[in-house]
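Dumped model.cif below, it's mmCIF, C-alpha atoms, pLDDT in the B column; chains and numbers go by the auth columns:
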```
data_entry
#
loop_
_atom_site.group_PDB
_atom_site.id
_atom_site.type_symbol
_atom_site.label_atom_id
_atom_site.label_comp_id
_atom_site.label_asym_id
_atom_site.label_seq_id
_atom_site.Cartn_x
_atom_site.Cartn_y
_atom_site.Cartn_z
_atom_site.B_iso_or_equiv
_atom_site.auth_seq_id
_atom_site.auth_asym_id
ATOM 1 C CA MET A 1 143.155 50.189 -26.514 91.00 1 A
ATOM 2 C CA ARG A 2 145.470 47.407 -27.716 92.00 2 A
ATOM 3 C CA ALA A 3 143.581 44.359 -28.919 94.00 3 A
ATOM 4 C CA PHE A 4 144.037 41.036 -30.687 94.00 4 A
ATOM 5 C CA LEU A 5 141.971 38.111 -31.952 94.00 5 A
ATOM 6 C CA ALA A 6 142.845 34.632 -30.734 96.00 6 A
ATOM 7 C CA LEU A 7 141.896 31.044 -30.086 96.00 7 A
ATOM 8 C CA THR A 8 141.778 30.388 -26.347 96.00 8 A
ATOM 9 C CA LEU A 9 143.519 27.307 -24.941 98.00 9 A
ATOM 10 C CA PRO A 10 141.858 25.027 -22.360 97.00 10 A
ATOM 11 C CA ASP A 11 143.384 24.943 -18.874 97.00 11 A
ATOM 12 C CA ASP A 12 144.810 21.435 -19.290 97.00 12 A
ATOM 13 C CA ILE A 13 146.607 22.474 -22.492 98.00 13 A
ATOM 14 C CA ARG A 14 148.076 25.494 -20.727 98.00 14 A
ATOM 15 C CA ARG A 15 149.261 23.278 -17.863 98.00 15 A
ATOM 16 C CA SER A 16 150.987 20.964 -20.327 98.00 16 A
ATOM 17 C CA LEU A 17 152.712 23.919 -21.982 98.00 17 A
ATOM 18 C CA ALA A 18 153.782 25.216 -18.564 98.00 18 A
ATOM 19 C CA VAL A 19 155.544 21.883 -17.983 97.00 19 A
ATOM 20 C CA LEU A 20 157.321 22.363 -21.314 98.00 20 A
ATOM 21 C CA GLN A 21 158.380 25.879 -20.299 98.00 21 A
ATOM 22 C CA GLN A 22 159.863 24.499 -17.084 97.00 22 A
ATOM 23 C CA GLU A 23 161.766 21.825 -18.993 97.00 23 A
ATOM 24 C CA LEU A 24 163.266 24.375 -21.382 98.00 24 A
ATOM 25 C CA ALA A 25 164.054 26.761 -18.519 98.00 25 A
ATOM 26 C CA HIS A 26 166.563 24.206 -17.222 97.00 26 A
ATOM 27 C CA SER A 27 168.800 25.256 -20.126 97.00 27 A
ATOM 28 C CA GLY A 28 169.576 28.428 -18.176 97.00 28 A
ATOM 29 C CA ALA A 29 168.810 30.621 -21.193 98.00 29 A
ATOM 30 C CA ASP A 30 167.662 34.205 -20.627 98.00 30 A
ATOM 31 C CA ILE A 31 163.998 33.923 -21.639 98.00 31 A
ATOM 32 C CA LYS A 32 160.942 35.966 -20.733 96.00 32 A
ATOM 33 C CA TRP A 33 158.306 33.243 -20.484 97.00 33 A
ATOM 34 C CA VAL A 34 154.660 33.892 -21.267 97.00 34 A
ATOM 35 C CA GLU A 35 152.540 33.389 -18.153 96.00 35 A
ATOM 36 C CA PRO A 36 150.591 30.103 -18.541 96.00 36 A
ATOM 37 C CA GLN A 37 147.230 31.863 -18.159 96.00 37 A
ATOM 38 C CA ASN A 38 148.154 34.099 -21.121 96.00 38 A
ATOM 39 C CA LEU A 39 149.035 31.314 -23.572 98.00 39 A
ATOM 40 C CA HIS A 40 146.893 31.392 -26.729 98.00 40 A
ATOM 41 C CA VAL A 41 146.931 31.128 -30.532 98.00 41 A
ATOM 42 C CA THR A 42 146.978 34.633 -32.016 96.00 42 A
ATOM 43 C CA LEU A 43 144.849 34.974 -35.155 94.00 43 A
ATOM 44 C CA LYS A 44 145.349 38.699 -35.703 92.00 44 A
ATOM 45 C CA PHE A 45 147.123 41.380 -33.677 92.00 45 A
ATOM 46 C CA LEU A 46 145.053 44.527 -34.117 90.00 46 A
ATOM 47 C CA GLY A 47 147.263 47.001 -32.268 89.00 47 A
ATOM 48 C CA GLU A 48 145.652 50.218 -31.064 90.00 48 A
ATOM 49 C CA VAL A 49 141.963 50.320 -31.984 89.00 49 A
ATOM 50 C CA THR A 50 139.221 52.870 -31.423 89.00 50 A
ATOM 51 C CA ASP A 51 135.939 51.923 -29.768 90.00 51 A
ATOM 52 C CA GLU A 52 134.284 52.141 -33.184 89.00 52 A
ATOM 53 C CA GLN A 53 136.830 49.786 -34.720 88.00 53 A
ATOM 54 C CA ARG A 54 136.418 47.389 -31.805 89.00 54 A
ATOM 55 C CA ARG A 55 132.652 47.267 -32.335 89.00 55 A
ATOM 56 C CA ALA A 56 133.184 46.693 -36.055 88.00 56 A
ATOM 57 C CA VAL A 57 135.589 43.831 -35.310 87.00 57 A
ATOM 58 C CA GLU A 58 133.014 42.294 -32.961 86.00 58 A
ATOM 59 C CA ARG A 59 130.456 42.415 -35.764 83.00 59 A
ATOM 60 C CA LEU A 60 133.001 40.864 -38.117 77.00 60 A
ATOM 61 C CA LEU A 61 133.530 38.065 -35.592 77.00 61 A
ATOM 62 C CA GLY A 62 129.795 37.480 -35.486 75.00 62 A
ATOM 63 C CA GLU A 63 129.657 37.137 -39.269 72.00 63 A
ATOM 64 C CA ALA A 64 132.680 34.841 -39.213 62.00 64 A
ATOM 65 C CA ALA A 65 131.116 32.607 -36.585 63.00 65 A
ATOM 66 C CA ARG A 66 127.735 32.331 -38.310 63.00 66 A
ATOM 67 C CA GLY A 67 128.890 30.148 -41.155 52.00 67 A
ATOM 68 C CA GLU A 68 132.499 31.299 -40.753 45.00 68 A
ATOM 69 C CA THR A 69 132.149 33.881 -43.490 44.00 69 A
ATOM 70 C CA ALA A 70 134.216 37.026 -43.697 42.00 70 A
ATOM 71 C CA PHE A 71 132.536 39.960 -45.428 39.00 71 A
ATOM 72 C CA THR A 72 134.416 42.898 -46.912 39.00 72 A
ATOM 73 C CA PRO A 73 132.260 46.032 -46.765 40.00 73 A
ATOM 74 C CA TYR A 74 132.327 48.410 -49.725 34.00 74 A
ATOM 75 C CA HIS A 75 130.430 51.477 -50.836 35.00 75 A
ATOM 76 C CA GLY A 76 130.259 52.537 -54.451 35.00 76 A
ATOM 77 C CA GLY A 77 133.285 50.431 -55.358 37.00 77 A
ATOM 78 C CA ARG A 78 135.347 51.948 -52.532 38.00 78 A
ATOM 79 C CA PRO A 79 136.240 50.395 -49.162 37.00 79 A
ATOM 80 C CA ALA A 80 134.030 51.315 -46.235 36.00 80 A
ATOM 81 C CA ARG A 81 135.128 54.277 -44.148 37.00 81 A
ATOM 82 C CA GLN A 82 137.498 53.658 -41.270 34.00 82 A
ATOM 83 C CA GLY A 83 135.690 52.222 -38.296 36.00 83 A
ATOM 84 C CA GLY A 84 133.285 50.128 -40.357 37.00 84 A
ATOM 85 C CA GLU A 85 130.543 52.770 -40.610 35.00 85 A
ATOM 86 C CA GLU A 86 128.995 51.059 -43.610 34.00 86 A
ATOM 87 C CA TRP A 87 128.210 47.951 -41.558 31.00 87 A
ATOM 88 C CA ARG A 88 125.094 49.610 -40.156 35.00 88 A
ATOM 89 C CA GLY A 89 121.843 48.415 -41.693 34.00 89 A
ATOM 90 C CA ARG A 90 123.502 46.166 -44.298 34.00 90 A
ATOM 91 C CA PRO A 91 121.773 47.827 -47.276 34.00 91 A
ATOM 92 C CA GLU A 92 121.141 45.721 -50.341 33.00 92 A
ATOM 93 C CA GLY A 93 124.323 45.299 -52.352 33.00 93 A
ATOM 94 C CA SER A 94 126.564 46.835 -49.688 32.00 94 A
ATOM 95 C CA PHE A 95 128.723 43.707 -49.283 34.00 95 A
ATOM 96 C CA GLN A 96 130.923 41.757 -51.617 38.00 96 A
ATOM 97 C CA ARG A 97 130.189 38.081 -52.052 36.00 97 A
ATOM 98 C CA PRO A 98 131.111 36.186 -48.854 37.00 98 A
ATOM 99 C CA ARG A 99 134.376 34.300 -48.620 45.00 99 A
ATOM 100 C CA PRO A 100 133.609 30.989 -46.884 43.00 100 A
ATOM 101 C CA LEU A 101 135.956 29.859 -44.143 45.00 101 A
ATOM 102 C CA GLY A 102 134.392 26.524 -43.348 46.00 102 A
ATOM 103 C CA ARG A 103 131.187 24.871 -42.261 47.00 103 A
ATOM 104 C CA GLY A 104 130.272 27.298 -39.499 53.00 104 A
ATOM 105 C CA THR A 105 131.019 24.792 -36.755 68.00 105 A
ATOM 106 C CA GLY A 106 133.748 24.255 -34.215 85.00 106 A
ATOM 107 C CA PHE A 107 136.778 22.157 -35.072 93.00 107 A
ATOM 108 C CA THR A 108 139.474 20.093 -33.390 96.00 108 A
ATOM 109 C CA LEU A 109 142.896 21.614 -32.805 98.00 109 A
ATOM 110 C CA GLY A 110 146.098 19.951 -31.671 98.00 110 A
ATOM 111 C CA LEU A 111 149.674 20.921 -30.875 98.00 111 A
ATOM 112 C CA ASP A 112 152.710 19.595 -32.686 95.00 112 A
ATOM 113 C CA ARG A 113 156.428 20.198 -32.163 94.00 113 A
ATOM 114 C CA VAL A 114 158.422 22.791 -30.280 97.00 114 A
ATOM 115 C CA GLY A 115 160.493 25.223 -32.333 96.00 115 A
ATOM 116 C CA ALA A 116 161.952 28.724 -32.472 97.00 116 A
ATOM 117 C CA PHE A 117 162.018 31.820 -34.686 96.00 117 A
ATOM 118 C CA PRO A 118 164.073 32.484 -36.696 96.00 118 A
ATOM 119 C CA SER A 119 165.676 29.075 -36.100 96.00 119 A
ATOM 120 C CA ILE A 120 166.533 26.632 -33.330 96.00 120 A
ATOM 121 C CA ALA A 121 170.223 27.407 -33.822 95.00 121 A
ATOM 122 C CA SER A 122 169.564 31.122 -33.275 95.00 122 A
ATOM 123 C CA PRO A 123 166.373 31.292 -31.199 96.00 123 A
ATOM 124 C CA ARG A 124 164.594 34.573 -30.495 97.00 124 A
ATOM 125 C CA VAL A 125 161.028 33.345 -29.963 98.00 125 A
ATOM 126 C CA VAL A 126 160.277 29.879 -28.551 98.00 126 A
ATOM 127 C CA TRP A 127 157.000 28.374 -29.729 98.00 127 A
ATOM 128 C CA VAL A 128 154.891 25.265 -30.179 98.00 128 A
ATOM 129 C CA GLY A 129 153.349 24.708 -33.591 97.00 129 A
ATOM 130 C CA LEU A 130 149.873 23.462 -34.409 98.00 130 A
ATOM 131 C CA GLY A 131 149.109 19.965 -35.661 96.00 131 A
ATOM 132 C CA GLU A 132 145.578 18.723 -36.257 97.00 132 A
ATOM 133 C CA GLY A 133 143.276 21.539 -37.354 96.00 133 A
ATOM 134 C CA LYS A 134 146.151 23.818 -38.381 96.00 134 A
ATOM 135 C CA GLU A 135 144.775 24.371 -41.888 95.00 135 A
ATOM 136 C CA ARG A 136 141.424 25.451 -40.481 92.00 136 A
ATOM 137 C CA ALA A 137 143.053 27.919 -38.079 94.00 137 A
ATOM 138 C CA VAL A 138 145.172 29.340 -40.896 93.00 138 A
ATOM 139 C CA ARG A 139 142.114 29.747 -43.120 90.00 139 A
ATOM 140 C CA ILE A 140 140.223 31.618 -40.398 89.00 140 A
ATOM 141 C CA ALA A 141 143.213 33.912 -39.748 90.00 141 A
ATOM 142 C CA GLU A 142 143.635 34.683 -43.452 88.00 142 A
ATOM 143 C CA ARG A 143 139.968 35.608 -43.914 85.00 143 A
ATOM 144 C CA ILE A 144 140.025 37.783 -40.791 87.00 144 A
ATOM 145 C CA GLU A 145 143.151 39.492 -42.130 87.00 145 A
ATOM 146 C CA GLU A 146 141.366 40.288 -45.391 82.00 146 A
ATOM 147 C CA SER A 147 138.330 41.744 -43.651 80.00 147 A
ATOM 148 C CA CYS A 148 140.232 43.789 -41.064 80.00 148 A
ATOM 149 C CA GLY A 149 141.873 45.802 -43.839 74.00 149 A
ATOM 150 C CA SER A 150 138.515 47.397 -44.630 73.00 150 A
ATOM 151 C CA LEU A 151 138.325 48.708 -41.053 76.00 151 A
ATOM 152 C CA GLY A 152 141.484 50.783 -41.386 76.00 152 A
ATOM 153 C CA LEU A 153 143.572 48.303 -39.409 82.00 153 A
ATOM 154 C CA PRO A 154 147.199 47.608 -40.414 81.00 154 A
ATOM 155 C CA LYS A 155 147.827 44.618 -42.653 82.00 155 A
ATOM 156 C CA GLU A 156 150.440 42.023 -41.780 83.00 156 A
ATOM 157 C CA ASP A 157 153.364 41.960 -44.222 80.00 157 A
ATOM 158 C CA ARG A 158 154.177 38.349 -43.309 82.00 158 A
ATOM 159 C CA SER A 159 152.182 35.212 -43.915 84.00 159 A
ATOM 160 C CA PHE A 160 150.348 33.795 -40.900 89.00 160 A
ATOM 161 C CA ALA A 161 152.401 31.292 -38.873 91.00 161 A
ATOM 162 C CA ALA A 162 150.111 29.249 -36.617 93.00 162 A
ATOM 163 C CA HIS A 163 151.765 28.756 -33.221 97.00 163 A
ATOM 164 C CA VAL A 164 151.640 29.329 -29.472 98.00 164 A
ATOM 165 C CA THR A 165 154.400 31.635 -28.224 98.00 165 A
ATOM 166 C CA LEU A 166 156.050 30.199 -25.092 98.00 166 A
ATOM 167 C CA GLY A 167 158.692 32.841 -24.490 98.00 167 A
ATOM 168 C CA ARG A 168 161.033 35.448 -25.957 97.00 168 A
ATOM 169 C CA VAL A 169 164.820 35.253 -25.693 98.00 169 A
ATOM 170 C CA ARG A 170 166.232 38.422 -24.118 96.00 170 A
ATOM 171 C CA THR A 171 169.989 37.845 -24.477 96.00 171 A
ATOM 172 C CA PRO A 172 172.274 35.233 -26.118 95.00 172 A
ATOM 173 C CA ARG A 173 173.176 33.766 -22.702 96.00 173 A
ATOM 174 C CA ARG A 174 173.408 29.945 -22.929 97.00 174 A
ATOM 175 C CA GLN A 175 171.974 30.041 -26.435 96.00 175 A
ATOM 176 C CA ALA A 176 173.679 26.782 -27.393 96.00 176 A
ATOM 177 C CA GLU A 177 172.176 25.046 -24.346 97.00 177 A
ATOM 178 C CA LEU A 178 168.708 26.295 -25.307 98.00 178 A
ATOM 179 C CA ALA A 179 169.150 25.050 -28.870 97.00 179 A
ATOM 180 C CA ARG A 180 170.156 21.639 -27.512 97.00 180 A
ATOM 181 C CA ALA A 181 167.153 21.593 -25.168 97.00 181 A
ATOM 182 C CA LEU A 182 164.818 22.398 -28.068 97.00 182 A
ATOM 183 C CA ARG A 183 166.262 19.592 -30.192 96.00 183 A
ATOM 184 C CA GLU A 184 166.257 17.015 -27.383 96.00 184 A
ATOM 185 C CA CYS A 185 162.968 18.032 -25.765 94.00 185 A
ATOM 186 C CA ALA A 186 161.089 15.042 -24.320 90.00 186 A
ATOM 187 C CA TRP A 187 157.731 16.859 -24.124 94.00 187 A
ATOM 188 C CA ARG A 188 154.830 15.189 -25.886 94.00 188 A
ATOM 189 C CA ALA A 189 151.860 17.120 -27.198 95.00 189 A
ATOM 190 C CA PRO A 190 148.579 16.548 -25.316 96.00 190 A
ATOM 191 C CA ALA A 191 145.447 15.256 -27.014 97.00 191 A
ATOM 192 C CA PRO A 192 143.650 17.626 -29.419 97.00 192 A
ATOM 193 C CA TRP A 193 140.756 19.665 -28.061 97.00 193 A
ATOM 194 C CA PRO A 194 137.557 21.188 -29.521 96.00 194 A
ATOM 195 C CA VAL A 195 137.698 24.846 -30.581 95.00 195 A
ATOM 196 C CA THR A 196 134.240 26.359 -30.251 91.00 196 A
ATOM 197 C CA ALA A 197 134.789 30.141 -30.255 91.00 197 A
ATOM 198 C CA LEU A 198 136.765 33.106 -31.573 91.00 198 A
ATOM 199 C CA THR A 199 137.900 35.550 -28.880 94.00 199 A
ATOM 200 C CA LEU A 200 138.682 39.271 -28.947 94.00 200 A
ATOM 201 C CA TYR A 201 141.119 40.288 -26.197 96.00 201 A
ATOM 202 C CA GLN A 202 142.282 43.604 -24.809 95.00 202 A
ATOM 203 C CA SER A 203 145.967 43.728 -23.889 94.00 203 A
ATOM 204 C CA VAL A 204 147.075 46.117 -21.131 94.00 204 A
ATOM 205 C CA LEU A 205 150.837 46.404 -20.666 88.00 205 A
ATOM 206 C CA SER A 206 152.301 46.661 -17.180 86.00 206 A
ATOM 207 C CA SER A 207 155.728 46.380 -15.555 83.00 207 A
ATOM 208 C CA ARG A 208 154.984 42.709 -14.860 83.00 208 A
ATOM 209 C CA GLY A 209 153.911 41.981 -18.415 83.00 209 A
ATOM 210 C CA PRO A 210 150.659 42.100 -20.388 89.00 210 A
ATOM 211 C CA ASN A 211 147.254 41.515 -18.825 92.00 211 A
ATOM 212 C CA TYR A 212 144.578 40.102 -21.113 95.00 212 A
ATOM 213 C CA THR A 213 140.854 40.768 -20.778 94.00 213 A
ATOM 214 C CA VAL A 214 138.164 39.129 -22.907 95.00 214 A
ATOM 215 C CA LEU A 215 136.189 41.792 -24.806 93.00 215 A
ATOM 216 C CA ALA A 216 134.049 39.426 -26.872 91.00 216 A
ATOM 217 C CA GLU A 217 133.730 35.692 -27.413 90.00 217 A
ATOM 218 C CA VAL A 218 131.736 34.454 -30.382 86.00 218 A
ATOM 219 C CA PRO A 219 130.762 30.751 -30.569 87.00 219 A
ATOM 220 C CA LEU A 220 131.672 28.916 -33.764 82.00 220 A
ATOM 221 C CA THR A 221 128.944 26.339 -33.242 66.00 221 A
ATOM 222 C CA ARG A 222 125.376 27.139 -34.238 51.00 222 A
#
```
Encoded form using structure tokens:
Amino acid sequence: MRAFLALTLPDDIRRSLAVLQQELAHSGADIKWVEPQNLHVTLKFLGEVTDEQRRAVERLLGEAARGETAFTPYHGGRPARQGGEEWRGRPEGSFQRPRPLGRGTGFTLGLDRVGAFPSIASPRVVWVGLGEGKERAVRIAERIEESCGSLGLPKEDRSFAAHVTLGRVRTPRRQAELARALRECAWRAPAPWPVTALTLYQSVLSSRGPNYTVLAEVPLTR
């Protein structure tokens, strides 16, 4: 199954972002917009995972949420076997020292400005960046990235860029108009909201686009 780790957005935040999508759509650019119900902040795209890897990731999420600590399993100086087999039982000395992510509580997250990758002048992915709480989200994503490597999951070769993807540009049609719309956008970010959980999603691709299903949701608050 295809899976990813994310921060879920409240319904009112998704509605606000849907308004922004509609505003930018007036540019006439050829964009495949993310369905509002699918908008989220990706922490780690896992790709294809086995059931064993999924269970290991769920356990990792549990450790991360209880004190927001990411553990890297090892056995005899070597990484744990693929699938996180060495997680079972937690024998004495079977984990490296924990890497703290924070205080083990929820935090406040806010949105910032609209932008595009690789640039507004040549947009391929339209996004909204994070504002308040961005550093905390980045720290969580980085620690998850470190720990997922021990489960045999691919490592990202780029640094984590905290954002919400709004849409992907399919062709250069009316690219200049889209760039102008991004620069002159009148949208204002809604008020920050409390983040209280980490979520593991399954992604099933279809002709209409991806469908997301929650596999696990681990509270950040104790």
If the PyMOL selection byres ((chain A and resi 176-181) around 6) is run on the structure shown, which residues does it catch, given as a VMD selection string?
chain A and resid 27 29 120 to 121 174 to 175 182 to 185
If we count only C-alpha atoms, what is near range 37-40 of chain A at a cut-off of 6 Å, once residues fewer than 5 positions away on the same chain are taken out, given as a ChimeraX atom specification?
/A:8-9,164
Name the residues within 12 Å of (148.8, 26.2, -38.8), counting only C-alpha atoms in the file's coordinates, and put them as a ChimeraX atom specification.
/A:41-43,109-113,128-142,159-164
In terms of the shortest atom-to-atom distance over all atoms listed in the file, which of A:Thr108, A:Thr50, A:Ser119, A:Gln22 is closest to Ala191 in chain A?
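Selected residue with least distance to Ala191 in chain A: A:Thr108.
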Target residues per the PyMOL selection byres ((chain A and resi 21) around 10), formatted as a short mmCIF file (atom, residue, chain, number, x, y, z; two decimals) with C-alpha atoms, in the frame of the given file:
```
data_model
loop_
_atom_site.label_atom_id
_atom_site.label_comp_id
_atom_site.auth_asym_id
_atom_site.auth_seq_id
_atom_site.Cartn_x
_atom_site.Cartn_y
_atom_site.Cartn_z
CA ARG A 15 149.26 23.28 -17.86
CA SER A 16 150.99 20.96 -20.33
CA LEU A 17 152.71 23.92 -21.98
CA ALA A 18 153.78 25.22 -18.56
CA VAL A 19 155.54 21.88 -17.98
CA LEU A 20 157.32 22.36 -21.31
CA GLN A 22 159.86 24.50 -17.08
CA GLU A 23 161.77 21.82 -18.99
CA LEU A 24 163.27 24.38 -21.38
CA ALA A 25 164.05 26.76 -18.52
CA HIS A 26 166.56 24.21 -17.22
CA ILE A 31 164.00 33.92 -21.64
CA TRP A 33 158.31 33.24 -20.48
CA VAL A 34 154.66 33.89 -21.27
CA GLU A 35 152.54 33.39 -18.15
CA PRO A 36 150.59 30.10 -18.54
CA VAL A 126 160.28 29.88 -28.55
CA TRP A 127 157.00 28.37 -29.73
CA LEU A 166 156.05 30.20 -25.09
CA GLY A 167 158.69 32.84 -24.49
CA TRP A 187 157.73 16.86 -24.12
#
```
For a test of reading the model, state the distance in Å between CA of Met1 in chain A and CA of Arg59 in chain A, rounded to one decimal.
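Computed distance, CA of Met1 in chain A to CA of Arg59 in chain A, equals 17.5 Å.
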Going by the chain IDs and residue numbers used in this file, which residues fall under the PyMOL selection byres ((chain A and resi 206-212) around 9)? Write them as a PyMOL selection string.
chain A and resi 3+34-35+38+201-205+213-214
Could you tell me how far CA of Lys44 in chain A sits from CA of Glu146 in chain A, in Å to one decimal place?
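A separation of 10.6 Å between them.
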Please, what distance in Å, to one decimal, runs between CA of Val125 in chain A and CA of Val169 in chain A?
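According to the coordinates, CA of Val125 in chain A and CA of Val169 in chain A are separated by 6.0 Å.
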Got a sec: who's within 7 Å of Arg124 in chain A, counting all atoms listed in the file, leaving out chain neighbours fewer than 4 positions off, as a ChimeraX atom specification?
/A:116-118,168-169
Let me make sure I understand: among A:Pro172, A:Gly115, A:Pro219, A:Gly149, which one has the smallest atom-to-atom distance to Ala197 in chain A if we use all atoms listed in the file?
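Smallest separation from Ala197 in chain A among the options: A:Pro219.
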Step by step: start from the point (148.7, 47.8, -28.5) in the file's coordinates, keep every protein, DNA or RNA residue that has an atom no farther than 6 Å from it, count all atoms listed in the file, and write the set as a short mmCIF file (atom, residue, chain, number, x, y, z; two decimals) with C-alpha atoms, keeping the file's coordinate frame.
```cif
data_model
loop_
_atom_site.label_atom_id
_atom_site.label_comp_id
_atom_site.auth_asym_id
_atom_site.auth_seq_id
_atom_site.Cartn_x
_atom_site.Cartn_y
_atom_site.Cartn_z
CA ARG A 2 145.47 47.41 -27.72
CA GLY A 47 147.26 47.00 -32.27
CA GLU A 48 145.65 50.22 -31.06
#
```
Find the residues around Gly106 in chain A up to 8 Å (all atoms listed in the file counted), leave out those fewer than 4 positions away in its own chain, and share them as number ranges by chain.
A: 194-197, 220-221
Range 121-134 of chain A rebuilt with N, CA and C atoms, output as a PDB file, keeping the file's coordinate frame:
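Written out: rebuild.pdb:
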```pdb
ATOM      1  N   ALA A 121     168.816  27.082 -34.043  1.00 95.00           N
ATOM      2  CA  ALA A 121     170.223  27.407 -33.822  1.00 95.00           C
ATOM      3  C   ALA A 121     170.414  28.842 -33.333  1.00 95.00           C
ATOM      4  N   SER A 122     169.475  29.722 -33.686  1.00 95.00           N
ATOM      5  CA  SER A 122     169.564  31.122 -33.275  1.00 95.00           C
ATOM      6  C   SER A 122     168.200  31.590 -32.782  1.00 95.00           C
ATOM      7  N   PRO A 123     167.747  31.046 -31.649  1.00 96.00           N
ATOM      8  CA  PRO A 123     166.373  31.292 -31.199  1.00 96.00           C
ATOM      9  C   PRO A 123     166.150  32.702 -30.658  1.00 96.00           C
ATOM     10  N   ARG A 124     165.038  33.286 -31.046  1.00 97.00           N
ATOM     11  CA  ARG A 124     164.594  34.573 -30.495  1.00 97.00           C
ATOM     12  C   ARG A 124     163.206  34.439 -29.873  1.00 97.00           C
ATOM     13  N   VAL A 125     162.367  33.632 -30.482  1.00 98.00           N
ATOM     14  CA  VAL A 125     161.028  33.345 -29.963  1.00 98.00           C
ATOM     15  C   VAL A 125     160.866  31.833 -29.893  1.00 98.00           C
ATOM     16  N   VAL A 126     160.504  31.320 -28.729  1.00 98.00           N
ATOM     17  CA  VAL A 126     160.277  29.879 -28.551  1.00 98.00           C
ATOM     18  C   VAL A 126     158.781  29.617 -28.668  1.00 98.00           C
ATOM     19  N   TRP A 127     158.414  28.621 -29.459  1.00 98.00           N
ATOM     20  CA  TRP A 127     157.000  28.374 -29.729  1.00 98.00           C
ATOM     21  C   TRP A 127     156.687  26.890 -29.841  1.00 98.00           C
ATOM     22  N   VAL A 128     155.391  26.592 -29.838  1.00 98.00           N
ATOM     23  CA  VAL A 128     154.891  25.265 -30.179  1.00 98.00           C
ATOM     24  C   VAL A 128     153.965  25.432 -31.374  1.00 98.00           C
ATOM     25  N   GLY A 129     154.172  24.617 -32.394  1.00 97.00           N
ATOM     26  CA  GLY A 129     153.349  24.708 -33.591  1.00 97.00           C
ATOM     27  C   GLY A 129     152.034  23.958 -33.434  1.00 97.00           C
ATOM     28  N   LEU A 130     151.154  24.157 -34.400  1.00 98.00           N
ATOM     29  CA  LEU A 130     149.873  23.462 -34.409  1.00 98.00           C
ATOM     30  C   LEU A 130     149.960  22.215 -35.266  1.00 98.00           C
ATOM     31  N   GLY A 131     149.169  21.208 -34.908  1.00 96.00           N
ATOM     32  CA  GLY A 131     149.109  19.965 -35.661  1.00 96.00           C
ATOM     33  C   GLY A 131     147.745  19.809 -36.295  1.00 96.00           C
ATOM     34  N   GLU A 132     146.929  18.926 -35.746  1.00 97.00           N
ATOM     35  CA  GLU A 132     145.578  18.723 -36.257  1.00 97.00           C
ATOM     36  C   GLU A 132     144.787  20.029 -36.212  1.00 97.00           C
ATOM     37  N   GLY A 133     144.084  20.328 -37.296  1.00 96.00           N
ATOM     38  CA  GLY A 133     143.276  21.539 -37.354  1.00 96.00           C
ATOM     39  C   GLY A 133     144.042  22.785 -37.762  1.00 96.00           C
ATOM     40  N   LYS A 134     145.337  22.651 -38.032  1.00 96.00           N
ATOM     41  CA  LYS A 134     146.151  23.818 -38.381  1.00 96.00           C
ATOM     42  C   LYS A 134     145.616  24.526 -39.619  1.00 96.00           C
TER      43      LYS A 134
END
```
